[in-house]
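All remarks here apply to the structure that follows.
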Amino acid sequence: MSSNLGDLLTYLHALPEFMLLQDEHGGWIAANGIALRHLQLEGVAYQGRCTRELLQEAGWEQELWTCFEEACASAWQRKAIVECELPFRYVDGRTTRLFVLKMIPLIKQAGEPNYLVIQGRDNTVRTLMEEEITLAGKVFESVSDGIFVTDVEGTILFVNPAFTAVTGYSAAEVIGKNPRVLKSGRQGAKFYQHMWNSLLEDGYFHGEIYNRRKNGQVYPESLTINAIKDKMGHTTHYVAIFRDISEREQVRKDVMLTGKIQRKFLPPDYQDQWVTIRSFFKPSHYVSGDLYDYKWLMDRKKLFGYLIDVMGHGLSTALQASVLRVLFLQAASLGLSLQEKVSWINRESMRYFTEDTFAAAICFEVDLRARTFTYVSCGINYFLAATKEVSGVIKAPGMFLALSESAVYEQHVLPISPGDSFYLMTDGVYDKMPAHYKQELPCFDEMTDNLKKWIFTQKHKDDASAILFTIHDLPEARS
């Protein structure tokens, strides 16, 4: 071996890259460990053999070794460096490394051997990074939320198309400027101080803010800002993502208005020489599927009332509860028994409910002269009572409203005396009520005070409503 070839081989094995040496006939002279490992030829006797033979033996696809050979032939023919990119897909069919190969012909003087040096660089990571950057760019361009990136001083560096769509400002109009160009003036200094404190302390801020479009229109947006840090933990950029929530805010205002209107349906608390009536109403979110009312009948010696709990939440349940309110009040004036009134309400309600919705209710009449409390359960199958006859939980079966036109309801009667109390409530109250409330009932005032504190100080995932009353005195009984 000549000293020149020896030097070349020493250089070839020392480089931390894919290196391969061929003679002018395509026979392999030497390959370093990196090349043999990636070509899966470790331990193979390769010297003097050609690329096609070796790669076929290693199980490589024809496309690979054909491209390899064509690049080598082109370098010899042109007597110039030829570069190509080859995906070395391993035999397992899953792992692929992407190499950029340079075929470098070493042409000697006449009578001296010529060599081809093949140098390879693993380009897999770089290619993947470029693909990820391209993908990130496409996401950045296509995402529907507005995005802008600033440096640590707050100067805008990039914006996406959604930024322009929401604000009306083009990229050219805001890049190099501070986001305060969007400021509406509705937030005070405390808001922005809180924002910056959150970014400096937590590296994160999320909240709702009013900004101003280019045309001067003020709009609400949901804003999230994240601080981007380097390896040393120093903030280098801020990324802000925002969404126009004008429509959501309008819906929220409509829901809040609906809730205010719904509260006006509720009767006020009442007290006279005969009874005291108290009630509680707490929607889980602005509007409620709960509703209740009562009405004095005839000569104000008979009280008709009801409590409704429509399945679900939101505007639809509030609307259905309102329909039931109208039906219950219509039924109150019908010359029917309580059982017959509830059956009539059930039949009439069927057209206002879909197949997958229904309502629970309990309807009652207090006849002061007859000294009776009559009730019909329609899915609210329990209430609390403290009378001379019973004390604690009163259970009664009854099918939900608006499930079946042929539903049968039973009415039950309890005798009443002065001092008797009754507590009717929806699931949102009863299911979460502390157990001792259901066992040893305190006096009416203490019970109502405790329920009020519990309902309005605890967090509830369900609507919570109750109607409570106590009997003070009774008129002369009917003869």
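Chain labels follow the order of the structure tokens: the first chain is A, the next B, and so on; residue numbering restarts at 1 in every chain, and ligands are counted from 1 in their shown order.
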
For stretch 246-249 of chain A, work out the shell of residues within 9 Å, counting only C-alpha atoms and skipping chain neighbours fewer than 4 positions away, then give it as an MDAnalysis selection string.
chainID A and resid 219:221 253:254

For those residues, write all heavy atoms to a file as a PDB file, in the first residue's frame.
```pdb
ATOM      1  N   TYR A 219     -63.747  45.304  21.360  1.00  0.00           N
ATOM      2  CA  TYR A 219     -64.263  43.936  21.409  1.00  0.00           C
ATOM      3  C   TYR A 219     -63.620  43.182  22.565  1.00  0.00           C
ATOM      4  O   TYR A 219     -62.491  43.493  22.974  1.00  0.00           O
ATOM      5  CB  TYR A 219     -63.973  43.200  20.088  1.00  0.00           C
ATOM      6  CG  TYR A 219     -62.505  42.917  19.872  1.00  0.00           C
ATOM      7  CD1 TYR A 219     -61.957  41.679  20.197  1.00  0.00           C
ATOM      8  CD2 TYR A 219     -61.648  43.894  19.366  1.00  0.00           C
ATOM      9  CE1 TYR A 219     -60.606  41.420  20.018  1.00  0.00           C
ATOM     10  CE2 TYR A 219     -60.295  43.650  19.185  1.00  0.00           C
ATOM     11  CZ  TYR A 219     -59.787  42.411  19.516  1.00  0.00           C
ATOM     12  OH  TYR A 219     -58.442  42.158  19.351  1.00  0.00           O
ATOM     13  N   PRO A 220     -64.307  42.197  23.129  1.00  0.00           N
ATOM     14  CA  PRO A 220     -63.722  41.386  24.202  1.00  0.00           C
ATOM     15  C   PRO A 220     -62.943  40.211  23.619  1.00  0.00           C
ATOM     16  O   PRO A 220     -63.328  39.648  22.588  1.00  0.00           O
ATOM     17  CB  PRO A 220     -64.947  40.892  24.974  1.00  0.00           C
ATOM     18  CG  PRO A 220     -66.004  40.776  23.921  1.00  0.00           C
ATOM     19  CD  PRO A 220     -65.731  41.875  22.915  1.00  0.00           C
ATOM     20  N   GLU A 221     -61.865  39.847  24.276  1.00  0.00           N
ATOM     21  CA  GLU A 221     -61.093  38.690  23.821  1.00  0.00           C
ATOM     22  C   GLU A 221     -60.603  37.894  25.020  1.00  0.00           C
ATOM     23  O   GLU A 221     -60.397  38.431  26.121  1.00  0.00           O
ATOM     24  CB  GLU A 221     -59.911  39.100  22.943  1.00  0.00           C
ATOM     25  CG  GLU A 221     -58.815  39.844  23.662  1.00  0.00           C
ATOM     26  CD  GLU A 221     -57.635  40.190  22.770  1.00  0.00           C
ATOM     27  OE1 GLU A 221     -57.858  40.469  21.588  1.00  0.00           O
ATOM     28  OE2 GLU A 221     -56.500  40.202  23.271  1.00  0.00           O
ATOM     29  N   LYS A 253     -74.622  37.554  28.122  1.00  0.00           N
ATOM     30  CA  LYS A 253     -75.517  38.639  28.527  1.00  0.00           C
ATOM     31  C   LYS A 253     -76.974  38.230  28.370  1.00  0.00           C
ATOM     32  O   LYS A 253     -77.822  38.549  29.221  1.00  0.00           O
ATOM     33  CB  LYS A 253     -75.220  39.890  27.701  1.00  0.00           C
ATOM     34  CG  LYS A 253     -73.900  40.561  28.052  1.00  0.00           C
ATOM     35  CD  LYS A 253     -73.649  41.778  27.164  1.00  0.00           C
ATOM     36  CE  LYS A 253     -72.309  42.427  27.492  1.00  0.00           C
ATOM     37  NZ  LYS A 253     -72.037  43.592  26.610  1.00  0.00           N
ATOM     38  N   ASP A 254     -77.269  37.522  27.259  1.00  0.00           N
ATOM     39  CA  ASP A 254     -78.639  37.053  27.040  1.00  0.00           C
ATOM     40  C   ASP A 254     -79.055  36.065  28.129  1.00  0.00           C
ATOM     41  O   ASP A 254     -80.189  36.098  28.623  1.00  0.00           O
ATOM     42  CB  ASP A 254     -78.769  36.392  25.669  1.00  0.00           C
ATOM     43  CG  ASP A 254     -78.674  37.397  24.529  1.00  0.00           C
ATOM     44  OD1 ASP A 254     -78.823  38.603  24.800  1.00  0.00           O
ATOM     45  OD2 ASP A 254     -78.445  36.971  23.384  1.00  0.00           O
TER      46      ASP A 254
END
```

Once you count only C-alpha atoms, what closest atom pair and distance in Å to one decimal does each residue of stretch 179-269 of chain A within 12 Å of stretch 153-168 of chain A have, with rows by chain and rising residue number, as CSV?
```
residue,atom,partner,partner_atom,distance
A:Pro179,CA,A:Ile156,CA,6.9
A:Arg180,CA,A:Gly154,CA,9.3
A:Val181,CA,A:Thr167,CA,10.3
A:Leu182,CA,A:Thr167,CA,7.9
A:Lys183,CA,A:Thr167,CA,11.1
A:Ser184,CA,A:Thr167,CA,11.9
A:Trp196,CA,A:Gly154,CA,11.1
A:Tyr210,CA,A:Thr167,CA,11.8
A:Asn211,CA,A:Thr167,CA,8.6
A:Arg212,CA,A:Thr167,CA,7.3
A:Arg213,CA,A:Thr167,CA,4.5
A:Lys214,CA,A:Gly168,CA,5.2
A:Asn215,CA,A:Gly168,CA,7.3
A:Gly216,CA,A:Thr167,CA,9.6
A:Gln217,CA,A:Thr167,CA,9.3
A:Val218,CA,A:Thr167,CA,9.8
A:Tyr219,CA,A:Thr167,CA,9.4
A:Pro220,CA,A:Val166,CA,10.9
A:Glu221,CA,A:Val166,CA,9.8
A:Ile225,CA,A:Gly154,CA,11.7
A:Ala227,CA,A:Gly154,CA,11.1
A:Thr235,CA,A:Glu153,CA,10.2
A:Thr236,CA,A:Glu153,CA,9.1
A:His237,CA,A:Gly154,CA,8.2
A:Tyr238,CA,A:Gly154,CA,7.6
A:Val239,CA,A:Phe158,CA,9.5
A:Ala240,CA,A:Val159,CA,9.6
A:Ile241,CA,A:Phe163,CA,9.1
A:Phe242,CA,A:Phe163,CA,8.4
A:Arg243,CA,A:Val166,CA,8.1
A:Asp244,CA,A:Val166,CA,6.9
A:Ile245,CA,A:Val166,CA,10.6
A:Ser246,CA,A:Val166,CA,11.0
```

Could you write out the selected residues, including N, CA and C atoms, as a CSV table (one decimal), in the first residue's frame?
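In the end it all went to again_1.csv:
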```csv
chain,number,residue,atom,x,y,z
A,179,PRO,N,-47.8,46.0,21.5
A,179,PRO,CA,-49.2,45.6,21.5
A,179,PRO,C,-50.1,46.7,22.1
A,180,ARG,N,-49.6,47.7,22.7
A,180,ARG,CA,-50.5,48.7,23.2
A,180,ARG,C,-51.3,49.4,22.1
A,181,VAL,N,-50.9,49.2,20.8
A,181,VAL,CA,-51.7,49.8,19.7
A,181,VAL,C,-53.1,49.2,19.7
A,182,LEU,N,-53.3,48.1,20.4
A,182,LEU,CA,-54.6,47.5,20.5
A,182,LEU,C,-55.4,47.9,21.7
A,183,LYS,N,-54.8,48.7,22.5
A,183,LYS,CA,-55.4,49.0,23.8
A,183,LYS,C,-56.7,49.8,23.7
A,184,SER,N,-57.7,49.4,24.4
A,184,SER,CA,-59.0,50.0,24.3
A,184,SER,C,-59.2,51.1,25.4
A,196,TRP,N,-48.4,41.7,34.1
A,196,TRP,CA,-47.0,41.6,34.1
A,196,TRP,C,-46.4,40.9,35.3
A,210,TYR,N,-60.5,43.8,27.0
A,210,TYR,CA,-61.1,44.5,25.9
A,210,TYR,C,-60.0,45.2,25.1
A,211,ASN,N,-60.0,44.9,23.8
A,211,ASN,CA,-59.0,45.6,22.9
A,211,ASN,C,-59.8,46.3,21.8
A,212,ARG,N,-59.1,47.1,21.0
A,212,ARG,CA,-59.7,47.9,20.0
A,212,ARG,C,-59.2,47.5,18.6
A,213,ARG,N,-60.1,47.3,17.7
A,213,ARG,CA,-59.7,47.0,16.3
A,213,ARG,C,-59.2,48.2,15.6
A,214,LYS,N,-58.7,48.1,14.4
A,214,LYS,CA,-58.1,49.2,13.6
A,214,LYS,C,-59.3,50.2,13.3
A,215,ASN,N,-60.5,49.7,13.1
A,215,ASN,CA,-61.6,50.6,12.8
A,215,ASN,C,-62.2,51.3,14.0
A,216,GLY,N,-61.6,51.0,15.2
A,216,GLY,CA,-62.0,51.7,16.4
A,216,GLY,C,-63.0,50.9,17.2
A,217,GLN,N,-63.5,49.8,16.7
A,217,GLN,CA,-64.5,49.0,17.5
A,217,GLN,C,-63.8,48.3,18.6
A,218,VAL,N,-64.4,48.4,19.8
A,218,VAL,CA,-63.9,47.7,21.0
A,218,VAL,C,-64.5,46.3,21.1
A,219,TYR,N,-63.7,45.3,21.4
A,219,TYR,CA,-64.3,43.9,21.4
A,219,TYR,C,-63.6,43.2,22.6
A,220,PRO,N,-64.3,42.2,23.1
A,220,PRO,CA,-63.7,41.4,24.2
A,220,PRO,C,-62.9,40.2,23.6
A,221,GLU,N,-61.9,39.8,24.3
A,221,GLU,CA,-61.1,38.7,23.8
A,221,GLU,C,-60.6,37.9,25.0
A,225,ILE,N,-51.0,34.5,27.5
A,225,ILE,CA,-49.6,34.9,27.1
A,225,ILE,C,-48.7,33.9,27.8
A,227,ALA,N,-44.4,33.1,28.5
A,227,ALA,CA,-43.1,33.5,28.4
A,227,ALA,C,-42.2,32.3,27.8
A,235,THR,N,-36.0,34.8,30.0
A,235,THR,CA,-37.1,35.0,29.1
A,235,THR,C,-36.5,35.7,27.8
A,236,THR,N,-36.9,35.1,26.7
A,236,THR,CA,-36.4,35.7,25.4
A,236,THR,C,-37.5,36.2,24.5
A,237,HIS,N,-38.7,35.6,24.7
A,237,HIS,CA,-39.9,36.1,23.9
A,237,HIS,C,-41.2,35.9,24.7
A,238,TYR,N,-42.2,36.5,24.2
A,238,TYR,CA,-43.5,36.2,24.7
A,238,TYR,C,-44.4,35.9,23.5
A,239,VAL,N,-45.2,34.8,23.7
A,239,VAL,CA,-46.2,34.4,22.7
A,239,VAL,C,-47.6,34.6,23.2
A,240,ALA,N,-48.4,35.4,22.5
A,240,ALA,CA,-49.8,35.7,22.9
A,240,ALA,C,-50.7,35.1,22.0
A,241,ILE,N,-51.7,34.4,22.5
A,241,ILE,CA,-52.8,33.8,21.7
A,241,ILE,C,-54.1,34.3,22.2
A,242,PHE,N,-54.9,34.8,21.3
A,242,PHE,CA,-56.2,35.5,21.7
A,242,PHE,C,-57.3,35.0,20.8
A,243,ARG,N,-58.5,35.2,21.3
A,243,ARG,CA,-59.7,34.8,20.6
A,243,ARG,C,-60.8,35.8,20.8
A,244,ASP,N,-61.5,36.3,19.8
A,244,ASP,CA,-62.6,37.2,19.9
A,244,ASP,C,-63.8,36.5,20.5
A,245,ILE,N,-64.2,37.0,21.7
A,245,ILE,CA,-65.3,36.3,22.3
A,245,ILE,C,-66.6,37.2,22.3
A,246,SER,N,-66.7,38.0,21.3
A,246,SER,CA,-67.9,38.9,21.3
A,246,SER,C,-69.2,38.1,21.3
```

Those of stretch 423-463 of chain A in DSSP helix (DSSP H, G or I), formatted as JSON, numbers by chain
{"A": [427, 428, 429, 430, 435, 436, 437, 438, 439, 444, 445, 446, 447, 448, 449, 450, 451, 452, 453, 454, 455, 456, 457]}

Write out the residues from the selection above, keeping C-alpha atoms, as an mmCIF file, in the first residue's frame.
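This is the output file again17.cif:
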```cif
data_model
loop_
_atom_site.group_PDB
_atom_site.id
_atom_site.type_symbol
_atom_site.label_atom_id
_atom_site.label_comp_id
_atom_site.auth_asym_id
_atom_site.auth_seq_id
_atom_site.Cartn_x
_atom_site.Cartn_y
_atom_site.Cartn_z
ATOM 1 C CA ASP A 427 -82.162 17.208 44.079
ATOM 2 C CA GLY A 428 -79.596 20.014 44.165
ATOM 3 C CA VAL A 429 -80.544 20.574 47.807
ATOM 4 C CA TYR A 430 -81.676 17.177 49.043
ATOM 5 C CA ALA A 435 -77.451 13.798 56.942
ATOM 6 C CA HIS A 436 -78.351 15.306 60.307
ATOM 7 C CA TYR A 437 -80.679 17.804 58.560
ATOM 8 C CA LYS A 438 -82.857 14.825 57.542
ATOM 9 C CA GLN A 439 -82.955 13.111 60.906
ATOM 10 C CA PHE A 444 -88.829 26.118 61.341
ATOM 11 C CA ASP A 445 -86.793 29.322 61.751
ATOM 12 C CA GLU A 446 -83.579 27.452 62.590
ATOM 13 C CA MET A 447 -84.113 25.003 59.726
ATOM 14 C CA THR A 448 -84.695 27.767 57.159
ATOM 15 C CA ASP A 449 -81.696 29.763 58.412
ATOM 16 C CA ASN A 450 -79.433 26.698 58.212
ATOM 17 C CA LEU A 451 -80.673 25.774 54.726
ATOM 18 C CA LYS A 452 -80.184 29.345 53.510
ATOM 19 C CA LYS A 453 -76.588 29.455 54.759
ATOM 20 C CA TRP A 454 -75.823 26.062 53.307
ATOM 21 C CA ILE A 455 -77.403 26.724 49.870
ATOM 22 C CA PHE A 456 -75.781 30.133 49.362
ATOM 23 C CA THR A 457 -72.336 29.422 50.826
#
```

For A:Gly392, please output as an mmCIF file with C-alpha atoms, in the first residue's frame all residues within 8 Å (counting only C-alpha atoms; exclusion window: fewer than 4 positions along the same chain).
```cif
data_model
loop_
_atom_site.group_PDB
_atom_site.id
_atom_site.type_symbol
_atom_site.label_atom_id
_atom_site.label_comp_id
_atom_site.auth_asym_id
_atom_site.auth_seq_id
_atom_site.Cartn_x
_atom_site.Cartn_y
_atom_site.Cartn_z
ATOM 1 C CA LEU A 384 -89.129 16.715 54.907
ATOM 2 C CA ALA A 385 -91.959 17.193 57.360
ATOM 3 C CA ALA A 386 -92.214 17.916 61.066
ATOM 4 C CA LYS A 438 -82.857 14.825 57.542
ATOM 5 C CA GLN A 439 -82.955 13.111 60.906
ATOM 6 C CA GLU A 440 -83.578 15.538 63.724
ATOM 7 C CA LEU A 441 -85.431 18.515 62.305
#
```

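Distance annotation: of A:Gly43, A:Gln458, A:Gln262, A:Pro268, the residue with the minimal separation from A:Pro434 is A:Gln458; atom set is only C-alpha atoms.
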
Taking into account only C-alpha atoms, which residue in the set A:Thr51, A:Ser333, A:Ser279, A:Thr258 is nearest to A:Trp296?
A:Ser333

Between atom CA of A:Thr224 and atom CA of A:Asp145 lies a distance of 10.7 Å

What does the distance between atom CA of A:Leu303 and atom CA of A:Ser406 come to in Å, to one decimal place?
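Calculated distance between atom CA of A:Leu303 and atom CA of A:Ser406 is 27.3 Å.
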
Taking the DSSP assignment computed from this structure's backbone, write out as number ranges by chain all residues of stretch 265-368 of chain A that belong to strand (DSSP E).
A: 270-271, 275-282, 290-297, 302-310, 359-367

One number please: atom CA of A:His412 to atom CA of A:Glu355, in Å, one decimal.
29.0 Å

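For the residues A:Gly26, A:Pro87, A:Gly176, A:Pro283, ranking by smallest atom-to-atom distance to A:Pro105 using only C-alpha atoms places A:Gly26 first.
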
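Using only C-alpha atoms, the smallest distance between any of A:Glu476, A:Asp356, A:Asp151, A:Glu17 and A:Gly33 comes from A:Glu17.
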